[in-house]
Amino acid sequence: MSTTENPRLVLVVEDNPTNMMLVSAVLRRAGYATAAAGSAEEACRELARARPSLILMDVQLPGQDGLALAGQLKADPTTSAIPIIALTAHAMEEHRQRALAAGCDGYIAKPINTRTFIGEIEAVLAAQPRGGAVS
Ligand code: MN
């Protein structure tokens with residue numbers, strides 16, 4: 001079975017159920033479809049099923065962490081074009097740099113601001129080399 005790309009699908013990789021609910025609700029209210037994964041392993045299963053147009057990646061996950069997974073996905077030609085935005089509790093510049101060095105395309109600090117979150121995501125997508133086309 002080949003994976004199909006859904007231009008409005010966001011894969012949310014987050015192990016905290018409260019954050020998962022909040023992020024998913026904000027995305028759905030903005031018209032995005034969401035897929036959920038609580039670990040790197042679950043994220044890989046979801047990616048085998050459907051190709052999202054964006055991955056929101058919690059950094060601290062049980063088992064393989066989000067930055068290691070981001071590096072792995074960026075090294076894989078089947079997933080390397082999917083933008084990845086890291087979500088981390090650390091708003092420090094050092095953490096932003098680590099996320100970008102791991103291959104993430106952007107970085108949003110938690111706790112998320114529900115009123116600005118979609119705008120922050122769209123700003124990262126608009127800065128992509130492909131001109132922000134969410135596809
Ligand atoms: Mn976490």
# chains A, B, ... in the order shown; residues from 1 in each chain; ligands from 1
call {"tool": "select_by_dssp", "arguments": {"residues": "region 31-133 of chain A", "states": "helix (DSSP H, G or I)", "output": "VMD selection string"}}
result
chain A and resid 40 to 49 66 to 75 93 to 101 117 to 126
call {"tool": "residues_around", "arguments": {"residues": "Asp15 (chain A)", "least_positions_apart": "5", "cutoff": "8 Å", "atoms": "only C-alpha atoms", "output": "VMD selection string"}}
result
chain A and resid 20 37 to 39 58 61 to 62
call {"tool": "atom_distance", "arguments": {"atom1": "CA of Ala35 (chain A)", "atom2": "CA of Leu47 (chain A)"}}
result
9.5 Å
call {"tool": "residues_near_ligand", "arguments": {"ligand": "ligand 1", "cutoff": "12 Å", "atoms": "only C-alpha atoms and all ligand atoms", "output": "JSON, numbers by chain"}}
result
{"A": [12, 13, 14, 15, 16, 17, 18, 19, 20, 37, 38, 39, 40, 56, 57, 58, 59, 60, 61, 62, 63, 64, 65, 66, 67, 86, 87, 88, 89, 90, 110, 111]}
call {"tool": "residues_around", "arguments": {"residues": "Cys104 (chain A)", "least_positions_apart": "6", "cutoff": "12 Å", "atoms": "only C-alpha atoms", "output": "ChimeraX atom specification"}}
result
/A:54-59,66-75,80-88,95-98,124-125,128
call {"tool": "closest_residue", "arguments": {"among": "A:Ile118, A:Ile112, A:Leu11, A:Val26", "to": "Ala43 (chain A)", "atoms": "only C-alpha atoms"}}
result
A:Leu11
